[in-house]
Amino acid sequence: MRIFVRIVDASSFTRAAESLEIPRATASTTVQALESLLGVQLLVRTTRKVTLTAEGAAYYERCAQILAAIEEVESGLFNRPENLRGRLRIAMPGMIAASIVVPALASFRALHPHVELALGVSQRTLDPVGESVDCSIELGELPDSRLLARRLGLLERVTCASPAYLTRFGEPRHLDDLSNHVAVNWLSTQTGRRVDFDFSVAARASKVKVDSFIQVNEEHTYLACGLEGLGLIQPGRAAAAPYLASGQLIEVLPKCKPTPVALSVTYVKSRQISPRVRAFVDWLVEVFDNAPGMVKPAPSLADPPAWPVLDAQRLLDSFSPSL
């Protein structure tokens, strides 16, 4: 069942086998044996994709529920967090990982010592269904209707530059002064286009185009360019905090702050949320509540409700292999 569900989630035998660390042939023969046992075809395989049959769709939905139920039963129905076991596949931007999540991970390990984390760092927006990711931290709005998102907060950003840059170009006092300055411009990993500087002035968003010597699409390189005096930058405050404290970066235009960016943890709507995912997401919410450079937004009606209670034993008792 685990192999079958992972193949459906990944839409690929190869990606599913890689994520489970088993040979692709094992995944293929397992599904063949499962179809033989049930007496129905579950998957339609072509050279380009894997799709579910009607019977396969019904079987997949019940399998996902049952696997979560088994995990919940084995975990003592949450009464003993230390019983949680298994692997979590998580994705997030590198700067968020380095500045907020990784420094706090020791506390998660203390709570759940038997949960293994596979942390993927990526600036691009992932497809959690196709890439078999249990949950991911995303910046900005989330148009993918297949996902549920739990808001972690608003990430503060700061306009800053190195002392060497300010010695050469002077410190801007007003937004109009930026016409005489140079920026390190950010390239969107989604569109490939340059992202203009933006500010919140009197509760109104204002975009400003600043000429650039260099454009980058990776966070550490972006910050490094600012430290080398190549231009003004607008990094997350949490990432810039050590350099602001040491004087390697200096905040400018403090009365015209950059617009903060929404930060959410997402997971697939159609999947039964496992106890491991619930535990990690709840831990993330607490970490970001106390993280520097984060603003907690007002509750939103769009936020998902509290975790539903899964009647694990009822699901297991009701399962019919003849489905």
# chains A, B, ... in the order shown; residues from 1 in each chain; ligands from 1
$ select_by_dssp --residues "range 142-225 of chain A" --states "helix (DSSP H, G or I)" --output "ChimeraX atom specification"
/A:163-169,175-180,219-225
$ write_last_selection --atoms "C-alpha atoms" --output "short mmCIF file (atom, residue, chain, number, x, y, z; two decimals), in the first residue's frame"
data_model
loop_
_atom_site.label_atom_id
_atom_site.label_comp_id
_atom_site.auth_asym_id
_atom_site.auth_seq_id
_atom_site.Cartn_x
_atom_site.Cartn_y
_atom_site.Cartn_z
CA PRO A 163 29.45 50.60 4.50
CA ALA A 164 31.69 50.58 1.40
CA TYR A 165 28.68 51.07 -0.88
CA LEU A 166 27.30 53.92 1.24
CA THR A 167 30.70 55.62 1.30
CA ARG A 168 30.72 55.57 -2.49
CA PHE A 169 27.08 56.44 -3.25
CA LEU A 175 12.60 57.09 -2.30
CA ASP A 176 13.34 59.72 -4.96
CA ASP A 177 17.05 59.38 -4.07
CA LEU A 178 17.07 55.82 -5.39
CA SER A 179 17.37 57.13 -8.96
CA ASN A 180 21.01 57.87 -8.10
CA GLU A 219 19.48 33.93 -1.70
CA HIS A 220 23.03 33.40 -0.40
CA THR A 221 24.51 34.96 -3.53
CA TYR A 222 22.09 37.88 -3.21
CA LEU A 223 23.22 38.54 0.35
CA ALA A 224 26.88 38.10 -0.61
CA CYS A 225 26.53 40.72 -3.35
#
$ residues_around --residues "Leu249 in chain A" --least-positions-apart "4" --cutoff "9 Å" --atoms "only C-alpha atoms" --output "CSV table (one decimal) with N, CA and C atoms, in the first residue's frame"
chain,number,residue,atom,x,y,z
A,160,CYS,N,19.0,47.6,2.8
A,160,CYS,CA,20.4,47.8,3.4
A,160,CYS,C,21.5,47.7,2.4
A,161,ALA,N,22.6,48.1,2.8
A,161,ALA,CA,23.8,48.1,2.0
A,161,ALA,C,25.1,48.1,2.9
A,162,SER,N,26.2,47.8,2.3
A,162,SER,CA,27.5,47.7,3.0
A,162,SER,C,28.0,49.1,3.3
A,163,PRO,N,28.8,49.3,4.3
A,163,PRO,CA,29.4,50.6,4.5
A,163,PRO,C,30.2,51.1,3.3
A,226,GLY,N,25.4,42.0,-1.7
A,226,GLY,CA,25.2,43.2,-0.8
A,226,GLY,C,26.4,43.4,0.1
A,227,LEU,N,26.9,42.3,0.7
A,227,LEU,CA,28.0,42.5,1.6
A,227,LEU,C,29.3,43.0,0.9
A,240,ALA,N,19.4,38.9,7.4
A,240,ALA,CA,20.4,40.0,7.5
A,240,ALA,C,20.8,40.3,8.9
A,241,ALA,N,20.1,39.8,9.9
A,241,ALA,CA,20.3,40.3,11.3
A,241,ALA,C,21.7,40.2,11.8
A,242,PRO,N,22.4,39.1,11.5
A,242,PRO,CA,23.8,39.0,12.0
A,242,PRO,C,24.7,40.1,11.4
A,243,TYR,N,24.5,40.4,10.2
A,243,TYR,CA,25.3,41.4,9.5
A,243,TYR,C,24.9,42.8,9.9
A,244,LEU,N,23.7,43.0,10.2
A,244,LEU,CA,23.2,44.3,10.7
A,244,LEU,C,23.8,44.6,12.1
A,245,ALA,N,23.8,43.5,12.9
A,245,ALA,CA,24.4,43.6,14.2
A,245,ALA,C,25.9,43.9,14.2
$ residues_around --residues "range 103-113 of chain A" --least-positions-apart "3" --cutoff "10 Å" --atoms "only C-alpha atoms" --output "PyMOL selection string"
chain A and resi 80-85+97-100+116-117+276+279-280+283-284+287-288+291
$ write_last_selection --atoms "N, CA and C atoms" --output "mmCIF file, in the first residue's frame"
data_model
loop_
_atom_site.group_PDB
_atom_site.id
_atom_site.type_symbol
_atom_site.label_atom_id
_atom_site.label_comp_id
_atom_site.auth_asym_id
_atom_site.auth_seq_id
_atom_site.Cartn_x
_atom_site.Cartn_y
_atom_site.Cartn_z
ATOM 1 N N ARG A 80 1.910 9.707 23.161
ATOM 2 C CA ARG A 80 3.347 9.594 23.397
ATOM 3 C C ARG A 80 4.086 10.071 22.154
ATOM 4 N N PRO A 81 4.427 11.356 22.099
ATOM 5 C CA PRO A 81 5.089 11.905 20.911
ATOM 6 C C PRO A 81 6.380 11.194 20.557
ATOM 7 N N GLU A 82 7.051 10.639 21.561
ATOM 8 C CA GLU A 82 8.325 9.976 21.279
ATOM 9 C C GLU A 82 8.131 8.697 20.464
ATOM 10 N N ASN A 83 6.867 8.244 20.325
ATOM 11 C CA ASN A 83 6.598 7.049 19.529
ATOM 12 C C ASN A 83 6.558 7.326 18.031
ATOM 13 N N LEU A 84 6.486 8.571 17.631
ATOM 14 C CA LEU A 84 6.456 8.889 16.208
ATOM 15 C C LEU A 84 7.736 8.424 15.543
ATOM 16 N N ARG A 85 7.575 7.738 14.414
ATOM 17 C CA ARG A 85 8.721 7.220 13.691
ATOM 18 C C ARG A 85 8.536 7.440 12.198
ATOM 19 N N ALA A 97 15.676 28.110 5.913
ATOM 20 C CA ALA A 97 16.268 26.958 6.595
ATOM 21 C C ALA A 97 17.437 27.391 7.474
ATOM 22 N N ALA A 98 18.351 28.183 6.903
ATOM 23 C CA ALA A 98 19.580 28.538 7.614
ATOM 24 C C ALA A 98 19.341 29.483 8.780
ATOM 25 N N SER A 99 18.436 30.462 8.607
ATOM 26 C CA SER A 99 18.294 31.504 9.617
ATOM 27 C C SER A 99 17.240 31.207 10.681
ATOM 28 N N ILE A 100 16.251 30.337 10.381
ATOM 29 C CA ILE A 100 15.168 30.122 11.342
ATOM 30 C C ILE A 100 14.997 28.649 11.708
ATOM 31 N N GLU A 116 12.969 10.937 11.173
ATOM 32 C CA GLU A 116 14.088 11.322 10.309
ATOM 33 C C GLU A 116 13.615 12.394 9.338
ATOM 34 N N LEU A 117 14.373 13.465 9.224
ATOM 35 C CA LEU A 117 14.013 14.578 8.345
ATOM 36 C C LEU A 117 14.882 14.558 7.094
ATOM 37 N N ARG A 276 3.213 12.417 11.795
ATOM 38 C CA ARG A 276 4.525 13.054 11.667
ATOM 39 C C ARG A 276 4.390 14.462 11.089
ATOM 40 N N ALA A 279 2.820 16.817 13.637
ATOM 41 C CA ALA A 279 3.776 17.188 14.679
ATOM 42 C C ALA A 279 4.766 18.225 14.169
ATOM 43 N N PHE A 280 5.259 18.028 12.938
ATOM 44 C CA PHE A 280 6.250 18.964 12.399
ATOM 45 C C PHE A 280 5.622 20.325 12.118
ATOM 46 N N TRP A 283 5.043 22.174 15.305
ATOM 47 C CA TRP A 283 6.343 22.664 15.800
ATOM 48 C C TRP A 283 6.779 23.889 15.013
ATOM 49 N N LEU A 284 6.622 23.864 13.680
ATOM 50 C CA LEU A 284 6.987 25.019 12.859
ATOM 51 C C LEU A 284 6.225 26.272 13.279
ATOM 52 N N VAL A 287 7.818 27.656 16.308
ATOM 53 C CA VAL A 287 9.139 28.226 16.009
ATOM 54 C C VAL A 287 8.992 29.603 15.372
ATOM 55 N N PHE A 288 8.110 29.728 14.390
ATOM 56 C CA PHE A 288 7.966 31.003 13.688
ATOM 57 C C PHE A 288 7.250 32.048 14.541
ATOM 58 N N ALA A 291 10.240 33.550 16.210
ATOM 59 C CA ALA A 291 11.416 33.862 15.391
ATOM 60 C C ALA A 291 11.564 35.368 15.204
#
$ closest_residue --among "A:Lys209, A:Arg48, A:Arg62, A:His181" --to "Arg194 in chain A" --atoms "only C-alpha atoms"
A:Lys209
$ select_by_dssp --residues "range 139-173 of chain A" --states "strand (DSSP E)" --output "number ranges by chain"
A: 139, 147-155, 160-161
$ write_last_selection --atoms "N, CA and C atoms" --output "PDB file, in the first residue's frame"
ATOM      1  N   LEU A 139       6.982  31.034   0.099  1.00  0.00           N
ATOM      2  CA  LEU A 139       6.865  32.488   0.201  1.00  0.00           C
ATOM      3  C   LEU A 139       5.769  32.981  -0.734  1.00  0.00           C
ATOM      4  N   LEU A 147      -3.461  22.416  -2.652  1.00  0.00           N
ATOM      5  CA  LEU A 147      -2.734  22.542  -1.396  1.00  0.00           C
ATOM      6  C   LEU A 147      -3.557  23.195  -0.311  1.00  0.00           C
ATOM      7  N   LEU A 148      -3.308  22.774   0.906  1.00  0.00           N
ATOM      8  CA  LEU A 148      -3.753  23.504   2.087  1.00  0.00           C
ATOM      9  C   LEU A 148      -2.542  24.224   2.652  1.00  0.00           C
ATOM     10  N   ALA A 149      -2.763  25.417   3.152  1.00  0.00           N
ATOM     11  CA  ALA A 149      -1.652  26.206   3.686  1.00  0.00           C
ATOM     12  C   ALA A 149      -1.981  26.663   5.102  1.00  0.00           C
ATOM     13  N   ARG A 150      -0.997  26.569   5.961  1.00  0.00           N
ATOM     14  CA  ARG A 150      -1.123  27.107   7.315  1.00  0.00           C
ATOM     15  C   ARG A 150      -0.153  28.273   7.429  1.00  0.00           C
ATOM     16  N   ARG A 151      -0.679  29.446   7.672  1.00  0.00           N
ATOM     17  CA  ARG A 151       0.135  30.649   7.672  1.00  0.00           C
ATOM     18  C   ARG A 151       1.093  30.652   8.859  1.00  0.00           C
ATOM     19  N   LEU A 152       2.368  30.890   8.575  1.00  0.00           N
ATOM     20  CA  LEU A 152       3.387  30.962   9.618  1.00  0.00           C
ATOM     21  C   LEU A 152       3.634  32.393  10.068  1.00  0.00           C
ATOM     22  N   GLY A 153       3.301  33.345   9.222  1.00  0.00           N
ATOM     23  CA  GLY A 153       3.520  34.748   9.569  1.00  0.00           C
ATOM     24  C   GLY A 153       3.925  35.546   8.352  1.00  0.00           C
ATOM     25  N   LEU A 154       4.342  36.763   8.600  1.00  0.00           N
ATOM     26  CA  LEU A 154       4.835  37.650   7.555  1.00  0.00           C
ATOM     27  C   LEU A 154       6.325  37.869   7.781  1.00  0.00           C
ATOM     28  N   LEU A 155       7.099  37.623   6.746  1.00  0.00           N
ATOM     29  CA  LEU A 155       8.552  37.748   6.833  1.00  0.00           C
ATOM     30  C   LEU A 155       8.950  39.200   6.589  1.00  0.00           C
ATOM     31  N   CYS A 160      19.048  47.551   2.789  1.00  0.00           N
ATOM     32  CA  CYS A 160      20.353  47.760   3.422  1.00  0.00           C
ATOM     33  C   CYS A 160      21.473  47.729   2.382  1.00  0.00           C
ATOM     34  N   ALA A 161      22.648  48.108   2.841  1.00  0.00           N
ATOM     35  CA  ALA A 161      23.835  48.125   1.984  1.00  0.00           C
ATOM     36  C   ALA A 161      25.070  48.053   2.864  1.00  0.00           C
TER      37      ALA A 161
END
$ atom_distance --atom1 "CA of Lys257 in chain A" --atom2 "CA of Val295 in chain A"
13.3 Å
$ closest_residue --among "A:Cys135, A:Val252, A:Met92, A:Leu187" --to "Ser274 in chain A" --atoms "only C-alpha atoms"
A:Cys135
$ residues_around --residues "range 11-28 of chain A" --least-positions-apart "5" --cutoff "7 Å" --atoms "only C-alpha atoms" --output "PyMOL selection string"
chain A and resi 3+6+49-50+130
$ atom_distance --atom1 "CA of Asp196 in chain A" --atom2 "CA of Ala91 in chain A"
26.1 Å
$ closest_residue --among "A:Val40, A:Ala64, A:Val158, A:Ile233" --to "Phe4 in chain A" --atoms "only C-alpha atoms"
A:Ala64
$ closest_residue --among "A:Val268, A:Val102, A:Val208, A:Tyr59" --to "Asp9 in chain A" --atoms "only C-alpha atoms"
A:Val268
$ closest_residue --among "A:Val195, A:Ala57, A:Ile137, A:Ala69" --to "Pro93 in chain A" --atoms "only C-alpha atoms"
A:Ile137
$ closest_residue --among "A:Met95, A:Ala183, A:Ala58, A:Val115" --to "Phe197 in chain A" --atoms "only C-alpha atoms"
A:Ala183
$ atom_distance --atom1 "CA of Pro172 in chain A" --atom2 "CA of Phe199 in chain A"
13.8 Å
